[in-house]
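Okay, structure first, notes after.
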Amino acid sequence: MTTKSSAETISTLEKLFEDHFGVKPDKVDLLPVSGSDRRYYRLYNKKKTAIGTYNNNIPENNSYFYFTELFKKHQVNVPELYNVSKDRKCYLQQDLGNTSLFSLLMKEGHTEEVRKYFHASLEQLAKAQWIAGRECNFDQCFSTRQFDEKAIMADLLYFKYYFADLQRIPYDRNEVLSEMEQMSKELGRMQPQMLMYRDFQSRNIMLHEGKVYLIDYQGSMQGPPQYDIASLLWQAKAQLPDTWKEDLINGYVATMEKLPVPRMDEIHFRRGYAQFVLLRLLQVLGAYGFRGLLEHKPHFLSSIGPALKNLDMFLESNPQLQNYPQLRKLLEQLCTPDMQAKYEVQKREQNAKLLVQIASFSYKVGVPKDKSGHGGGFVFDCRGILNPGRYKAYKHLTGHDADVQEFLKNDTRMNEFLDHVKGMVSISVDDYLSRGFEHLSVAFGCTGGQHRSVFAAEQLAAYLSNEYNIPVTVSHLNEKNWRLDAETETTKQ
């Protein structure tokens, strides 16, 4: 399957924009990379804006198009799909802005406004599961049609191999494996089986003009509705209070009673919910182990502590795991105070006012001096990354331009470089916040201070703003010397 180049993708998306709105976009920005291979762009002019997506996985795109149409038909709030390219690799959709339910929660905390948005999210979920789900053609699912025994066992093994086994804790592997097989059989037979969103968590819920909108639902399949509720209410970094969890599941049940669907057995439903909470907690730990412990991605590493805390809370309030004694013993070992302390991110002072100042610079001009008075901070040399300025197509662009960003992400080791940078800087940010420090400086240098250092500075700023919700400033110190016209000399190195 042929992969489009960055230039081809942007050209296709611009054409989709012009076909839909009747005007060309003035600007195209590459958006931060998600956990998938999809690439997202924001296209806009003075009056119109849209999100463009490129994904080489056509079956996945087809699933997304199908579920979008299905959800729209049943008045579930999802982005409007504006236009699709002939090869079905690119599509244009409604721009819902940048505020997710998760980002609002991190900014505002457990406020009444946030709680109401959680209730609204579950109302949309119930419609998607029970109203849209009853006429869903699950043959349209691009990977797995049903969350059955095999899929459940895969989640349990994900936890075993990518988290539990990495902790070097002795346990009876054969007995735990047997209990996992038993659990997968029991949960695989759980009824009812409706539409399951699969990754229903607050990062996949956008807030736009006072309403909640669901995104990233292309992985939907047939499965137990309780799994989605567990995914939202037990999201590790959300750390929802127990009173909220009870209130929200009561709200979901109340919504169900208002929908034109057969009345469910609430006791049976809640019993199944508790079992799927445990499954989701284990699946999440597997994901955090793979992405954090093996791939060393800071966001996932920092999520392990809250996930273990969640698991500990669940075990304490659910002593009824008699059918899985060896599994419970393993989980209790994973949740000891020492294990939680191993992955704990130090608590931040409520009144901490840390400012991170990030700069890009040119080594031809020199390393900038720290003006905060205490010195220190980080200086990262980007010159080990292949320079886009060597190529005519990128020479007169900057790290702000989508073409340069695509080149750095796909044709260089910039992603690997930034993963290490984020890990090192995160250690200092965690420590500075816990100790009440107010300033941290980070500088990125390259030959001309135009491509690599600019991109790296912007990427770190976006990461810190999203991960920590702290003020971050970005300065491009060599901006006045950027070569933006065709008459400038060839960039070297």
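Residue numbers start at 1 in each chain; chains themselves are named A, B, ... in the order of the structure tokens; ligands are numbered from 1 in the order shown.
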
Please identify all polymer residues within 12 Å of Glu175 of chain A, counting only C-alpha atoms, omitting same-chain residues fewer than 5 positions from it, and present them as a count of residues only.
-> 11

10 Å contact set for Thr68 of chain A, only C-alpha atoms, chain neighbours under 3 positions out, as number ranges by chain = A: 62-65, 71-73, 76-81, 214-215, 217-218

Separation of atom CA of Pro192 of chain A and atom CA of Asp247 of chain A, in Å?
->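 For atom CA of Pro192 of chain A relative to atom CA of Asp247 of chain A, the distance reads 22.3 Å.
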
Option closest in space to Phe118 of chain A, from A:Phe314, A:Tyr468, A:Phe444, A:Phe102 [counting only C-alpha atoms] |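 Checking each candidate against Phe118 of chain A, we get A:Phe102 as the closest.
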
Would you mind listing what lies within 9 Å of Leu354 of chain A as a list in words, with only C-alpha atoms counted and same-chain residues fewer than 2 positions away left out?
->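 Once the adjacent positions are removed, what remains is Ala352, Val356, Val429, Tyr432, Leu433, Gly436, Phe437, Glu438, His439, Leu440, Ile470, Pro471 and Val472 of chain A.
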
With N, CA and C atoms retained, export the selected residues as a tab-separated table (two decimals), in the first residue's frame.
```
chain	number	residue	atom	x	y	z
A	352	ALA	N	2.14	26.16	43.38
A	352	ALA	CA	3.36	26.20	42.57
A	352	ALA	C	3.13	27.04	41.32
A	356	VAL	N	8.18	27.67	32.56
A	356	VAL	CA	9.22	27.07	31.73
A	356	VAL	C	9.42	27.96	30.51
A	429	VAL	N	10.90	19.01	35.93
A	429	VAL	CA	9.60	19.67	36.13
A	429	VAL	C	8.89	19.08	37.35
A	432	TYR	N	10.80	20.35	40.43
A	432	TYR	CA	10.63	21.79	40.65
A	432	TYR	C	9.23	22.12	41.16
A	433	LEU	N	8.23	21.43	40.62
A	433	LEU	CA	6.87	21.67	41.08
A	433	LEU	C	6.69	21.25	42.53
A	436	GLY	N	8.41	23.87	44.77
A	436	GLY	CA	7.96	25.25	44.70
A	436	GLY	C	8.85	26.18	43.89
A	437	PHE	N	9.73	25.63	43.03
A	437	PHE	CA	10.57	26.48	42.20
A	437	PHE	C	9.72	27.19	41.14
A	438	GLU	N	10.21	28.31	40.66
A	438	GLU	CA	9.39	29.14	39.78
A	438	GLU	C	9.93	29.27	38.36
A	439	HIS	N	11.11	28.70	38.06
A	439	HIS	CA	11.66	28.93	36.73
A	439	HIS	C	12.51	27.75	36.27
A	440	LEU	N	12.35	27.40	34.98
A	440	LEU	CA	13.21	26.41	34.33
A	440	LEU	C	13.41	26.86	32.90
A	470	ILE	N	1.03	23.94	32.90
A	470	ILE	CA	1.83	25.01	33.49
A	470	ILE	C	2.14	26.03	32.40
A	471	PRO	N	2.44	27.28	32.78
A	471	PRO	CA	2.78	28.29	31.76
A	471	PRO	C	4.11	27.98	31.10
A	472	VAL	N	4.11	28.08	29.78
A	472	VAL	CA	5.31	27.82	28.98
A	472	VAL	C	5.43	28.92	27.95
```

All residues 12 Å or closer to Arg168 of chain A, only C-alpha atoms, same chain fewer than 3 positions away omitted, as an mmCIF file with N, CA and C atoms, in the first residue's frame:
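Contents of around03.cif, freshly written:
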```cif
data_model
loop_
_atom_site.group_PDB
_atom_site.id
_atom_site.type_symbol
_atom_site.label_atom_id
_atom_site.label_comp_id
_atom_site.auth_asym_id
_atom_site.auth_seq_id
_atom_site.Cartn_x
_atom_site.Cartn_y
_atom_site.Cartn_z
ATOM 1 N N LYS A 160 0.089 -9.187 31.444
ATOM 2 C CA LYS A 160 1.050 -10.132 32.010
ATOM 3 C C LYS A 160 2.459 -9.902 31.464
ATOM 4 N N TYR A 161 2.573 -9.841 30.137
ATOM 5 C CA TYR A 161 3.902 -9.782 29.526
ATOM 6 C C TYR A 161 4.535 -8.395 29.577
ATOM 7 N N TYR A 162 3.717 -7.353 29.439
ATOM 8 C CA TYR A 162 4.283 -6.009 29.317
ATOM 9 C C TYR A 162 4.277 -5.209 30.622
ATOM 10 N N PHE A 163 3.660 -5.762 31.667
ATOM 11 C CA PHE A 163 3.757 -5.077 32.959
ATOM 12 C C PHE A 163 4.147 -6.022 34.081
ATOM 13 N N ALA A 164 3.316 -7.018 34.365
ATOM 14 C CA ALA A 164 3.576 -7.885 35.523
ATOM 15 C C ALA A 164 4.943 -8.563 35.432
ATOM 16 N N ASP A 165 5.262 -9.143 34.279
ATOM 17 C CA ASP A 165 6.520 -9.874 34.158
ATOM 18 C C ASP A 165 7.742 -8.957 34.191
ATOM 19 N N TYR A 171 5.684 -15.221 41.092
ATOM 20 C CA TYR A 171 4.300 -15.660 41.210
ATOM 21 C C TYR A 171 4.122 -16.949 40.424
ATOM 22 N N LEU A 330 -1.076 -11.814 42.997
ATOM 23 C CA LEU A 330 -0.143 -11.066 42.142
ATOM 24 C C LEU A 330 -0.478 -9.580 42.154
ATOM 25 N N GLN A 333 0.569 -7.831 45.262
ATOM 26 C CA GLN A 333 2.012 -7.587 45.272
ATOM 27 C C GLN A 333 2.383 -6.362 44.437
ATOM 28 N N LEU A 334 1.661 -6.179 43.336
ATOM 29 C CA LEU A 334 1.936 -5.030 42.469
ATOM 30 C C LEU A 334 1.497 -3.711 43.099
ATOM 31 N N MET A 339 5.844 -0.606 45.735
ATOM 32 C CA MET A 339 5.654 -0.571 44.293
ATOM 33 C C MET A 339 5.037 0.749 43.852
#
```

What gap, in Å, lies between atom CA of Asp228 of chain A and atom CA of Arg38 of chain A?
-> 22.9 Å

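Neighbours of segment 248-260 of chain A closer than or equal to 10 Å, with only C-alpha atoms counted and sequence neighbours fewer than 3 positions away skipped, come out as A:Arg115, A:Lys116, A:Phe118, A:His119, A:Ala120, A:Ser121, A:Leu122, A:Glu123, A:Gln124, A:Leu125, A:Ala126, A:Lys127, A:Trp130, A:Ile131, A:Gln226, A:Ile229, A:Ala230, A:Leu233, A:Asp242, A:Thr243, A:Trp244, A:Lys245, A:Arg263, A:Met264, A:Glu266, A:Phe269, A:Arg270, A:Tyr273.
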
Could you please write out, as a PyMOL selection string, every residue of segment 101-172 of chain A that DSSP assigns to alpha helix (DSSP H)?
-> chain A and resi 101-108+112-126+149-162

Limited to C-alpha atoms, could you put the picked residues into a file as a compact mmCIF listing (two decimals), in the first residue's frame?
```
# COMPACT_ATOMS: atom_id res chain seq x y z
CA LEU A 101 -12.72 16.75 28.69
CA PHE A 102 -9.38 15.56 30.03
CA SER A 103 -7.67 18.92 29.48
CA LEU A 104 -10.55 20.72 31.20
CA LEU A 105 -10.36 18.29 34.12
CA MET A 106 -6.61 18.86 34.45
CA LYS A 107 -7.12 22.63 34.34
CA GLU A 108 -10.21 23.03 36.53
CA GLU A 112 -19.38 20.87 39.15
CA GLU A 113 -18.98 21.98 35.52
CA VAL A 114 -16.60 19.10 34.81
CA ARG A 115 -18.92 16.60 36.50
CA LYS A 116 -21.81 17.75 34.28
CA TYR A 117 -19.67 17.20 31.18
CA PHE A 118 -18.93 13.65 32.37
CA HIS A 119 -22.68 13.05 32.73
CA ALA A 120 -23.27 14.45 29.23
CA SER A 121 -20.53 12.17 27.86
CA LEU A 122 -22.21 9.09 29.32
CA GLU A 123 -25.54 10.18 27.84
CA GLN A 124 -23.92 10.29 24.39
CA LEU A 125 -22.27 6.94 25.04
CA ALA A 126 -25.60 5.31 25.95
CA GLU A 149 -12.98 -14.55 24.73
CA LYS A 150 -9.90 -14.33 22.48
CA ALA A 151 -9.83 -10.52 22.61
CA ILE A 152 -10.21 -10.54 26.39
CA MET A 153 -7.41 -13.05 26.77
CA ALA A 154 -5.22 -10.87 24.56
CA ASP A 155 -5.78 -7.94 26.96
CA LEU A 156 -4.90 -10.10 29.97
CA LEU A 157 -1.72 -11.36 28.30
CA TYR A 158 -0.84 -7.77 27.37
CA PHE A 159 -0.89 -6.98 31.10
CA LYS A 160 1.05 -10.13 32.01
CA TYR A 161 3.90 -9.78 29.53
CA TYR A 162 4.28 -6.01 29.32
```

Could you tell me which of A:Tyr82, A:Tyr394, A:Phe138, A:Phe147 comes closest to Ser184 of chain A if we count only C-alpha atoms?
->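 Comparing A:Tyr82, A:Tyr394, A:Phe138, A:Phe147 against Ser184 of chain A, the winner is A:Phe147.
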
So how far away is atom CA of Phe200 of chain A from atom CA of Asn137 of chain A, in Å?
-> 19.9 Å
